[in-house]
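Undergrad: Sharing a structure here in structure tokens format.
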Amino acid sequence: AEREASFEELIAADQRIEPRDAMPEAYRRTLVRQIAQHAHSEIIGMQPEGAWITRAPSLRRKAILVAKVQDEAGHGMYLYSAAETLGVDRGELLEMLHEGKQKYSSIFNYPTLTWADCGAIGWLVDGAAIMNQVPLCRCSYGPYARAMIRVCKEESFHQRQGFEILWTLMRGTPAQQQMAQDAVDRWWWPALMMFGPHDSGEAASNGHTAQSMAWGIKRFSNDDLRQRFVDMMVQQADRLGVRIPDPDLRWDEERQQHDFGAIDWSEFKAVLAGDGACNAERIAHRRRAHDDGAWVREAALAHARKHEARQQVQQDQQEVVRAS
Amino acid sequence: AEREASFEELIAADQRIEPRDAMPEAYRRTLVRQIAQHAHSEIIGMQPEGAWITRAPSLRRKAILVAKVQDEAGHGMYLYSAAETLGVDRGELLEMLHEGKQKYSSIFNYPTLTWADCGAIGWLVDGAAIMNQVPLCRCSYGPYARAMIRVCKEESFHQRQGFEILWTLMRGTPAQQQMAQDAVDRWWWPALMMFGPHDSGEAASNGHTAQSMAWGIKRFSNDDLRQRFVDMMVQQADRLGVRIPDPDLRWDEERQQHDFGAIDWSEFKAVLAGDGACNAERIAHRRRAHDDGAWVREAALAHARKHEARQQVQQDQQEVVRAS
Amino acid sequence: MTSRTTTPADPATAAYLLGLADDAMVYAQRLGEWLTNAPQLEEDMALANVSLDLLGQARALYPRVGELDGTGRGEDDFAMWRDERDWRNVHLVEQPRGDFADEMARLLWFSTTRLELFSAGASDPVLAGVMAKGVKELGYHVDHAAQWVVRLGDGTDESHRRMQAALDRVAPYVDELFTDDETVLAVPEADRGPLPSQLREHVVRRVDRVLHSAGLTRPEPGAWRAKDGRRGIHSRPMGSLLAEMQYLARSHPGATW
Amino acid sequence: MTSRTTTPADPATAAYLLGLADDAMVYAQRLGEWLTNAPQLEEDMALANVSLDLLGQARALYPRVGELDGTGRGEDDFAMWRDERDWRNVHLVEQPRGDFADEMARLLWFSTTRLELFSAGASDPVLAGVMAKGVKELGYHVDHAAQWVVRLGDGTDESHRRMQAALDRVAPYVDELFTDDETVLAVPEADRGPLPSQLREHVVRRVDRVLHSAGLTRPEPGAWRAKDGRRGIHSRPMGSLLAEMQYLARSHPGATW
């Protein structure tokens with residue numbers, strides 16, 4: 001009772017919970033899952049854009065793309081480290097991912113069919129991710145919040161790069177403009193789905209939201225974040241000159257926000273359930289890399305142990321020599 | 001003595017030796033080696049042009065190329081069959097090829113660097129091969145001669161196709177013309193080397209030629225064939241508009257033949273010894289296909305045996321039923 | 001480009017034919033990769049035959065698509081100058097080569113389905129001609145695949161294992177063969193063959209007979225199934241396939257070969 | 001294309017720099033393939049770093065080649081618009097990815113050799129700048145490769161076997177790194193670094209030290225050795241690499257990205 005009060009006091013005072021602090025098991029478990037799935041999303045998220053590294057249309061774009069995908073690996077590493085402060089290790093978490101017991105953001109089950117998809121991902125997907133992540137910078141759990149601060153810094157850079165890819169395409173040849181518009185047509189709605197189900201009505205979540213908000217893990221509702229996203233993207237779309245594929249999109253003078261069309265939640269559910277274009281491929285690719293690399297990791301471990309053992313022998317012998 | 005006389009009588013009368021005929025062991029061994037190496041050349045020869053099947057610049061060219069490479073497989077099959085009449089089987093011969101105990105024409109150790117190389121191979125390499133092979137249609141050993149007749153028919157078609165590829169390139173864009181000329185520059189001298197060392201002087205062969213001629217296996221000398229080839233190709237080169245990369249090439253009014261430059265036999269020896277661009281690759285590719293397919297061949301064999309066994313049981317039971 | 005004919009534009013039939021042509025073209029491209037890589041020379045020859053047959057079907061259909069869509073495009077315009085989003089083949093044919101069992105599994109499903117479709121004929125005269133010739137060709141393809149599936153299924157333990165594994169790997173790609181996409185549904189019934197969904201029963205029965213005779217089972221696919229190839233949504237291997245196939249032609253725009 | 005400078009044309013130095021640029025470009029391209037495929041995230045990051053460093057070296061050198069050869073070509077002219085016969089990289093860097101040991105073997109030889117060359121400096125100002133920066137980068141690359149070669153050589157039995165096999169597979173590609181081709185011989189001594197042949201002794205000694213400490217041996221290559229990359233004669237994988245790298249740019253001539 002005394003330890004739990006401490007946790008609740010910290011939460012009430014909007015203070016950070018650190019690894020050494022006591023915390024309810026349910027809080028710890030929720031965070032492990034959320035941070036792990038966030039990490040998984042970063043590393044799975046390397047694949048859609050990674051597919052264009054060897055095919056980028058210029059050396060400058062190739063360099064930017066390698067750096068971006070590399071950043072995503074780094075984000076994955078920060079987040080796995082943050083999760084490790086909660087008593088799990090990366091290997092366990094990866095096993096959960098590989099076995100489908102933990103998930104990753106469903107947005108990455110969509111394919112990158114053209115170069116313009118790299119632009120759309122940066123602009124829309126990173127844009128939505130930022131919208132979801134900025135509030136997490138004030139998350140109650142210290143390691144997660146600090147990881148998020150680092151991630152958000154880099155991700156805003158990524159979002160600008162995505163915008164810039166599309167900007168260049170829209171000022172290019174008719175074929176390039178068509179490529180950009182086609183990518184926007186395919187990524188817009190999935191990006192909106194990144195904010196999760198509506199907060200009320202039949203698609204409402206099952207109470208998790210309320211608990212996460214109480215624990216300072218979640219700061220804003222799904223629909224709030226989604227609305228902000230739409231309002232911001234509409235402006236950017238205008239500047240780009242791309243058409244947002246929503247005939248019901250319109251400015252609501254009264255709310256000072258945009259109304260937008262109904263999301264096809266059946267698609268969302270289907271993709272979540274495994275039926276997106278790339279679900280099988282993303283996990284298969286991940287597992288293959290992991291399995292192919294097992295002997296390498298084992299070797300590194302074996303070598304480190306041998307090295308340690310040798311050092312210990314050296315040390316022992318030095319002591320013996322000194323003693324005599 | 002009586003059997004050998006029969007062999008020598010047939011040879012003297014320029015008659016065919018057939019599988020059922022008696023023959024000196026040395027004749028049989030020489031033929032096995034020559035026919036096998038000819039077969040190996042056909043199947044290794046599938047690789048240089050095979051490399052362009054997926055990359056052919058038009059559907060018509062792709063279709064022609066697939067058919068050509070397929071013909072080469074067929075030639076390999078005829079020739080292995082001809083060799084098998086001499087008491088070896090294809091599997092043994094392939095093993096000799098894979099272990100480097102039997103060779104294939106060194107010309108196939110050169111790489112096909114551009115599409116125009118497919119043209120140069122058809123024009124020059126098949127052209128030289130035809131020159132070597134037409135006399136073999138009158139080879140003393142029946143199965144080999146008959147295989148050669150079939151091969152020559154198809155190969156003259158291939159040679160025309162090669163010429164046609166180059167013809168089209170030479171009437172195309174500057175880049176295409178450059179591509180064609182570059183291919184001719186690289187394939188001309190290796191094609192001349194296909195006729196083997198000079199018949200006299202330091203590069204002369206070691207007596208094999210004389211014996212092969214005596215046995216009716218070889219009809220013309222290396223230099224004779226090479227000279228005919230040069231004379232024919234110079235005319236065709238003129239029509240194509242390609243330059244033959246030999247500054248010493250000139251018409252000799254007296255001999256009514258072309259003089260041509262000295263062949264770099266050191267290159268020939270080096271490539272023969274394993275140092276050509278593609279020596280390692282050609283054999284590695286062959287072995288990989290063979291090894292990867294081992295389980296398939298074993299399965300076919302196993303199935304055939306099971307099938308035979310079942311048929312035998314059926315037969316036995318039918319006999320029993322009839323008898324009762 | 002061929003000159004404009006007086007064929008009235010028929011975009012619905014054009015789109016339908018394009019899917020059939022692209023299936024053949026892409027599969028011919030994959031099969032072409034087997035030359036010099038097959039288990040024995042007889043297979044280099046056989047797979048070359050299948051490749052040439054399908055390439056011929058594609059080459060006969062593309063100009064017809066060009067007539068019906070009003071563009072007058074020729075075979076190389078279609079094969080070399082369309083980007084990935086404009087290709088309408090099913091995912092099955094674009095997958096990279098696996099082992100020989102993978103190829104026989106793919107060939108069995110593909111050719112049995114195509115034979116079933118082609119056997120029904122069609123009203124478009126060019127398609128009808130391709131179908132009439134194709135029925136004989138596909139008959140050989142089906143037999144070839146079936147014979148191998150049986151040999152491998154009822155050969156050695158290893159070949160049985162590999163053949164079953166191949167059937168498992170190809171399973172997620174089968175449904176798409178029997179999916180009625182918007183393209184085929186837009187063609188008036190009189191002008192097209194049976195709907196893909198109408199082919200399923202017979203095809204599955206024929207495939208099952210082959211599998212059963214070899215002691216193999218037809219697996220149920222999992223949650224994920226390939227789809228949307230007819231809408232120009234392709235998988236990663238398609239990008240590599242097209243880059244390899246089109247690179248040379250695109251490097252020399254306007255050139256004749 | 002950049003505007004013509006008043007740099008006097010120097011085709012010999014241009015050709016020399018082109019080889020160094022192409023080595024970096026092609027190896028950066030191969031290394032880029034490791035992202036999402038590495039044994040652990042730390043390696044995705046490390047190999048991405050190596051790739052970016054080498055890409056940066058290529059991007060710094062290409063415009064200089066364009067100045068010296070008088071064409072004024074820019075980085076993308078070189079990377080996207082040259083055909084295979086005009087590339088001057090060694091065969092080592094164009095080989096397809098193998099396993100992780102293959103990559104560490106390749107990285108060890110490549111970066112140790114390049115570091116040795118870069119440490120000597122050069123008179124061409126652009127090359128000198130690339131070398132000065134590159135020495136630091138390559139120092140990390142060498143260390144990274146050496147650490148892994150030791151871990152793998154002195155790790156488990158399996159990793160030792162694989163690492164030795166990788167060294168065996170890379171052996172035929174090593175000689176070309178130390179071959180004095182006509183391009184480098186055409187550059188006046190004052191304007192270039194050491195000859196490739198002059199690098200051999202130190203490089204081999206450094207590599208041997210690494211191998212020895214891990215219980216690995218440096219194999220003698222067999223009869224066949226890779227050569228003539230500097231003359232634009234490449235191996236089959238180069239065609240696939242260029243098709244993949246250049247396809248998109250070539251599909252949209254004149255476009256800006």
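By convention here, the chains of the structure tokens are called A, B, ... in the order presented, each chain's residues are numbered starting at 1, and ligands are numbered starting at 1 in the order presented.
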Can you tell me which residues surround Asp76 of chain D at a distance of at most 10 Å, considering only C-alpha atoms, apart from same-chain residues fewer than 2 positions away, and format the answer as an MDAnalysis selection string?
TA: (chainID A and resid 57:60) or (chainID D and resid 1 59 62:63 73:74 78:82 246 249)
Undergrad: Just the selected residues (C-alpha atoms), exported as a compact mmCIF listing (two decimals), in the first residue's frame, please.
TA:
# COMPACT_ATOMS: atom_id res chain seq x y z
CA PRO A 57 16.28 7.42 -58.54
CA SER A 58 19.29 9.55 -57.56
CA LEU A 59 22.31 9.27 -55.29
CA ARG A 60 21.04 12.04 -53.04
CA MET D 1 25.28 18.77 -65.66
CA ARG D 59 29.56 11.43 -54.70
CA TYR D 62 32.25 11.75 -59.58
CA PRO D 63 31.94 15.51 -60.20
CA ARG D 73 28.95 15.16 -65.92
CA GLY D 74 27.47 15.07 -62.43
CA PHE D 78 27.84 8.65 -63.73
CA ALA D 79 25.71 6.51 -61.47
CA MET D 80 22.55 6.20 -63.55
CA TRP D 81 23.50 6.78 -67.15
CA ARG D 82 26.62 4.73 -67.81
CA GLN D 246 19.40 2.54 -62.84
CA ALA D 249 16.12 6.95 -63.38
Undergrad: When you look at Gly139 of chain C with a cut-off of 9 Å (counting only C-alpha atoms), what residues show up, excluding the ones that are within fewer than 4 positions of it in the same chain? I need them as a ChimeraX atom specification.
TA: /C:111-112,115,134-135,143-144
Undergrad: Contacts from chain B to chain C, 9 Å maximum, only C-alpha atoms: show me the residue list as a ChimeraX atom specification.
TA: /B:43-44,46-47,50-51,53-63,66-67,69-71,73-74,76-77,115,165,168-169,171-173,175-176,285-286,288-304,306
Undergrad: Need the shell around Ile283 of chain A: protein/DNA/RNA residues with any atom at most 7 Å away, counting only C-alpha atoms. Skip same-chain ones fewer than 4 positions apart. Format as a list in words?
TA: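 Neighbouring residues, sequence-local ones excluded: His98, Asn279 and Arg287 of chain A.
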Undergrad: Mind checking DSSP for segment 6-223 of chain A and telling me the helix (DSSP H, G or I) residues as an MDAnalysis selection string?
TA: chainID A and resid 6:12 25:44 46:50 59:84 90:98 106:109 115:133 135:138 142:170 174:193 208:214 222:223
